[in-house]
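Asks: Below is one structure. I have some questions about it.
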2 protein chains.
Amino acid sequence: MLAAVLSVREATLHVLLWQRARAPHAHRWALPGGVLGAREDVRTSMLRQLSEKVDVREVAHLEQLAVFSAPDRRPGARRIATAFLGLVPSDADPRVPPDTRWCPVARLPETAFDHGEIVRGARERLQGKLSYTNVGFALAPPRFTISTLRVLYAAALGYDVDPTNLQRFLSRRGQLVATGGSAPPGPSGGRPASLYRFRSRRLEVTDEFVAFRPPR
Amino acid sequence: MLAAVLSVREATLHVLLWQRARAPHAHRWALPGGVLGAREDVRTSMLRQLSEKVDVREVAHLEQLAVFSAPDRRPGARRIATAFLGLVPSDADPRVPPDTRWCPVARLPETAFDHGEIVRGARERLQGKLSYTNVGFALAPPRFTISTLRVLYAAALGYDVDPTNLQRFLSRRGQLVATGGSAPPGPSGGRPASLYRFRSRRLEVTDEFVAFRPPR
DNA sequence: CCCGGTTTTCGCCTAAGAGTCGAAAACGGT
DNA sequence: ACCGTTTTCGACTCTTAGGCGAAAACCGGG
């Protein structure tokens, strides 16, 4: 019962970690989590655990990642972890408890147990899903410009993306909707960028990636 | 700890089910499974459970599907299930215990608990992965013709596929290797089909489906 | 008020991938 | 030798992707 909660902060992909106070693995950084309650399913339990670290309303997307079950993954009593991937928009209120921080995924601190591996799995899952679903909505603010969206995608994917291609890609799939408004230009001028929003803010698979299919 | 083991039999996608003898849900059809042992991880445990129903060497691919955890998904004591997707080649020995059968996925018998939902999830996962990975190897015999492969893909995907496109699609990704041999024609004659094999028989992601990426 | 600098947006071009179609190839049987 | 059957291959079209540069729309300063 663990979650790798990812969010783009300052043009870099971050993950929510808290520093353990007690053994085992004291002072190491761990993913938020806890134990499944008797009357919960794993999803509502995960949301309950997360509410101790962040405002759950900020978690725009939450999905199962995998089960981690190596018998020796944790010293002491055996524990099986159902890992989740959570996404928080980049404009969400970053206030977290004092022992908790947003850590850049590319340079993780010393992590507890197998949590580093889980973060890597979460990152790869996000990278894949950005291309064949509309998960981007869970990283972006409600309204955004193509430039800011480009920064978010570049941070999550790990490489630079072309703004023209990004816009065409999302428009072709009907994900992008122009709101009509425009953002004020920066201090050095420039053409004001028009504002967009995602058509849907719930996960949808936009590419069937089903080959060999007749067009209709 | 459950597995939806899929295989194409007689040009149709089937799933391995066994008929429960005792309550709850007596006489209903259930997925093979069991309880996690103390010294196992979920994968080896799943393989152990499956060995009671089929020859495990026939399971060409096994991956985690999802955790099913609704508190009332089973009457009586609570149980959390880690569900797996297993694939068995179409030429594998179909001998199974007397209470066990290959059932067509499209017309399932009355299933126990939430096992019907799990089978649907497994089928959807397979459909997706056929297009961006080489999982096809886990459905196919070691050597096969394009025609037989076409039947396998059509059964798994649920719609007809064009042999020309299938061959091009797999060849472009380097999955297909011509063995040089050829299969004897059927009773009504016809050009003998050449035999192919998959280049690799371990899961590989062939499409990065990473858009916006510069070609090099 | 014009002009250079800056940022966004749009259109055009080329290349690659997917799907359709039909002809040629290679068999068995009569 | 001919015919029906099945596989294989090439040619064609259409859509999508990526690259590039020009035009658009703003700033501030002279």
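So you can find residues: chains in the structure tokens are A, B, ... in the order shown, residues in each start at 1, and ligands are numbered from 1 in order.
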Write out as an NGL selection string every residue belonging to chain C that has an atom at most 9 Å from any atom of chain B, counting only C-alpha atoms (C1' of nucleotides).
Replies: :C and (18-19 or 25-29)
Asks: Please dump the current selection as an mmCIF file, in the first residue's frame; keep C-alpha atoms (C1' of nucleotides).
Replies:
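The resulting part.cif:
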```
data_model
loop_
_atom_site.group_PDB
_atom_site.id
_atom_site.type_symbol
_atom_site.label_atom_id
_atom_site.label_comp_id
_atom_site.auth_asym_id
_atom_site.auth_seq_id
_atom_site.Cartn_x
_atom_site.Cartn_y
_atom_site.Cartn_z
ATOM 1 C "C1'" DA C 18 -1.135 1.741 -42.644
ATOM 2 C "C1'" DG C 19 -4.672 -0.288 -45.537
ATOM 3 C "C1'" DA C 25 3.691 -17.957 -57.581
ATOM 4 C "C1'" DA C 26 3.350 -22.625 -56.091
ATOM 5 C "C1'" DC C 27 0.855 -26.365 -54.899
ATOM 6 C "C1'" DG C 28 -2.849 -30.774 -55.562
ATOM 7 C "C1'" DG C 29 -6.189 -33.023 -58.232
#
```
Asks: For the strand (DSSP E or B) assignment from backbone DSSP, which residues of range 12-211 of chain A qualify? Please present them as number ranges by chain.
Replies: A: 12-19, 29-30, 33, 61-68, 81-87, 100-104, 111, 133, 144, 176-182, 186, 189, 194-198, 205
Asks: Do a neighbour search on Ala70 in chain B at 12 Å with only C-alpha atoms (C1' of nucleotides), toss out local chain neighbours closer than 4 positions, and write the hits as a list in words.
Replies: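 The residues satisfying every condition are Leu36, Gly37, Ala38, Arg39, Glu40, Asp41, Val42, Arg43, Thr44 and Ser45 of chain A; Arg74, Pro75, Arg78, Arg79, Ile80, Ala81, Phe113 and Asp114 of chain B.
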Asks: Just need the residues of chain D within 10 Å of chain B, counting only C-alpha atoms (C1' of nucleotides), so spit them out as a PyMOL selection string.
Replies: chain D and resi 4-9+17-19
Asks: Please dump the current selection as a PDB file, in the first residue's frame; keep C-alpha atoms (C1' of nucleotides).
Replies:
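Output file again03.pdb follows:
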```
ATOM      1  C1'  DG D   4      -9.180 -24.422 -58.304  1.00  0.00           C
ATOM      2  C1'  DT D   5      -6.809 -23.075 -54.058  1.00  0.00           C
ATOM      3  C1'  DT D   6      -3.778 -20.813 -51.049  1.00  0.00           C
ATOM      4  C1'  DT D   7       0.115 -17.951 -50.273  1.00  0.00           C
ATOM      5  C1'  DT D   8       3.071 -14.157 -51.379  1.00  0.00           C
ATOM      6  C1'  DC D   9       4.415  -9.951 -53.223  1.00  0.00           C
ATOM      7  C1'  DA D  17       4.571  12.615 -38.074  1.00  0.00           C
ATOM      8  C1'  DG D  18       8.325  15.642 -37.967  1.00  0.00           C
ATOM      9  C1'  DG D  19      11.002  19.799 -39.666  1.00  0.00           C
TER      10       DG D  19
END
```
Asks: Using backbone DSSP assignments, extract all alpha helix (DSSP H) residues from range 8-154 of chain A; output them as an NGL selection string.
Replies: :A and (42-50 or 115-132 or 146-154)
Asks: Please, what distance in Å, to one decimal, runs between CA of Leu13 in chain B and CA of Ser69 in chain B?
Replies: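 For CA of Leu13 in chain B relative to CA of Ser69 in chain B, the distance reads 26.7 Å.
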Asks: At a cut-off of 9 Å, using only C-alpha atoms (C1' of nucleotides), what residues contact Thr12 in chain B? Leave out same-chain residues fewer than 5 positions from it and give the result as a ChimeraX atom specification.
Replies: /B:7,104-106,151-152,154-156,158
Asks: Which of these, B:Gln64, B:Ser171, B:Ser90, B:Ser182, has the shortest distance to chain A once you count only C-alpha atoms?
Replies: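 Closest to chain A, using only C-alpha atoms: B:Gln64.
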Asks: Select, from A:Val59, A:Val88, A:Met1, A:Ala11, the residue with the minimum atom-to-atom distance to chain B, counting only C-alpha atoms.
Replies: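 The closest residue to chain B is A:Met1.
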Asks: Residues within 10 Å of range 195-200 of chain A, please, as a VMD selection string. Count only C-alpha atoms (C1' of nucleotides); anything in the same chain fewer than 6 positions from it doesn't count.
Replies: chain A and resid 134 to 138 140 to 147 149 170 to 171 174 to 183
Asks: For the residues in that selection, give me N, CA, C and O atoms as a short mmCIF file (atom, residue, chain, number, x, y, z; two decimals), in the first residue's frame.
Replies:
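This went into again07.cif:
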```cif
data_model
loop_
_atom_site.label_atom_id
_atom_site.label_comp_id
_atom_site.auth_asym_id
_atom_site.auth_seq_id
_atom_site.Cartn_x
_atom_site.Cartn_y
_atom_site.Cartn_z
N ASN A 134 -4.93 10.41 -22.23
CA ASN A 134 -4.97 11.85 -21.97
C ASN A 134 -4.48 12.17 -20.57
O ASN A 134 -4.84 13.21 -20.01
N VAL A 135 -3.64 11.32 -19.95
CA VAL A 135 -3.20 11.60 -18.57
C VAL A 135 -2.58 12.96 -18.41
O VAL A 135 -2.47 13.44 -17.28
N GLY A 136 -2.14 13.57 -19.50
CA GLY A 136 -1.54 14.89 -19.38
C GLY A 136 -2.38 15.83 -18.52
O GLY A 136 -1.83 16.67 -17.81
N PHE A 137 -3.68 15.67 -18.56
CA PHE A 137 -4.56 16.56 -17.78
C PHE A 137 -4.20 16.55 -16.30
O PHE A 137 -4.36 17.55 -15.60
N ALA A 138 -3.68 15.41 -15.83
CA ALA A 138 -3.40 15.29 -14.40
C ALA A 138 -2.11 15.98 -14.00
O ALA A 138 -1.82 16.15 -12.82
N ALA A 140 -1.31 18.98 -15.67
CA ALA A 140 -1.46 20.37 -16.09
C ALA A 140 -2.49 21.10 -15.23
O ALA A 140 -3.41 20.48 -14.69
N PRO A 141 -2.34 22.41 -15.13
CA PRO A 141 -3.38 23.22 -14.49
C PRO A 141 -4.64 23.22 -15.35
O PRO A 141 -4.60 22.78 -16.49
N PRO A 142 -5.75 23.73 -14.81
CA PRO A 142 -7.01 23.71 -15.57
C PRO A 142 -6.89 24.43 -16.91
O PRO A 142 -7.48 24.00 -17.90
N ARG A 143 -6.15 25.53 -16.94
CA ARG A 143 -5.93 26.27 -18.18
C ARG A 143 -4.44 26.51 -18.34
O ARG A 143 -3.74 26.76 -17.36
N PHE A 144 -3.96 26.44 -19.58
CA PHE A 144 -2.52 26.49 -19.79
C PHE A 144 -2.24 26.91 -21.22
O PHE A 144 -3.13 26.84 -22.09
N THR A 145 -1.02 27.31 -21.46
CA THR A 145 -0.59 27.61 -22.83
C THR A 145 0.18 26.41 -23.36
O THR A 145 0.60 25.53 -22.61
N ILE A 146 0.37 26.40 -24.67
CA ILE A 146 1.13 25.31 -25.27
C ILE A 146 2.56 25.30 -24.72
O ILE A 146 3.13 24.24 -24.48
N SER A 147 3.11 26.47 -24.49
CA SER A 147 4.49 26.52 -23.98
C SER A 147 4.59 25.87 -22.61
O SER A 147 5.51 25.07 -22.37
N LEU A 149 2.59 23.69 -21.34
CA LEU A 149 2.33 22.26 -21.50
C LEU A 149 3.57 21.55 -22.02
O LEU A 149 3.88 20.43 -21.62
N LEU A 170 -2.05 16.42 -29.77
CA LEU A 170 -3.18 16.46 -28.85
C LEU A 170 -4.46 16.91 -29.54
O LEU A 170 -5.54 16.42 -29.23
N SER A 171 -4.32 17.83 -30.49
CA SER A 171 -5.52 18.31 -31.19
C SER A 171 -6.13 17.21 -32.03
O SER A 171 -7.34 17.02 -32.08
N GLY A 174 -8.35 15.19 -30.25
CA GLY A 174 -9.49 15.88 -29.64
C GLY A 174 -9.32 16.14 -28.16
O GLY A 174 -10.30 16.36 -27.45
N GLN A 175 -8.08 16.11 -27.67
CA GLN A 175 -7.89 16.34 -26.24
C GLN A 175 -7.89 17.82 -25.90
O GLN A 175 -8.27 18.22 -24.80
N LEU A 176 -7.43 18.65 -26.85
CA LEU A 176 -7.20 20.05 -26.57
C LEU A 176 -8.40 20.89 -26.97
O LEU A 176 -8.97 20.73 -28.05
N VAL A 177 -8.78 21.82 -26.10
CA VAL A 177 -9.87 22.74 -26.40
C VAL A 177 -9.37 24.15 -26.13
O VAL A 177 -8.84 24.43 -25.04
N ALA A 178 -9.54 25.03 -27.11
CA ALA A 178 -9.15 26.44 -26.91
C ALA A 178 -10.21 27.13 -26.07
O ALA A 178 -11.41 27.02 -26.35
N THR A 179 -9.78 27.80 -25.02
CA THR A 179 -10.74 28.47 -24.15
C THR A 179 -11.08 29.87 -24.66
O THR A 179 -12.02 30.48 -24.18
N GLY A 180 -10.31 30.37 -25.59
CA GLY A 180 -10.57 31.72 -26.10
C GLY A 180 -9.70 32.75 -25.44
O GLY A 180 -9.26 33.70 -26.08
N GLY A 181 -9.40 32.57 -24.17
CA GLY A 181 -8.57 33.54 -23.47
C GLY A 181 -7.12 33.46 -23.91
O GLY A 181 -6.73 32.59 -24.70
N SER A 182 -6.30 34.37 -23.42
CA SER A 182 -4.88 34.33 -23.73
C SER A 182 -4.09 34.81 -22.52
O SER A 182 -4.58 35.62 -21.73
N ALA A 183 -2.88 34.29 -22.41
CA ALA A 183 -2.04 34.64 -21.27
C ALA A 183 -1.22 35.87 -21.59
O ALA A 183 -0.79 36.05 -22.73
#
```
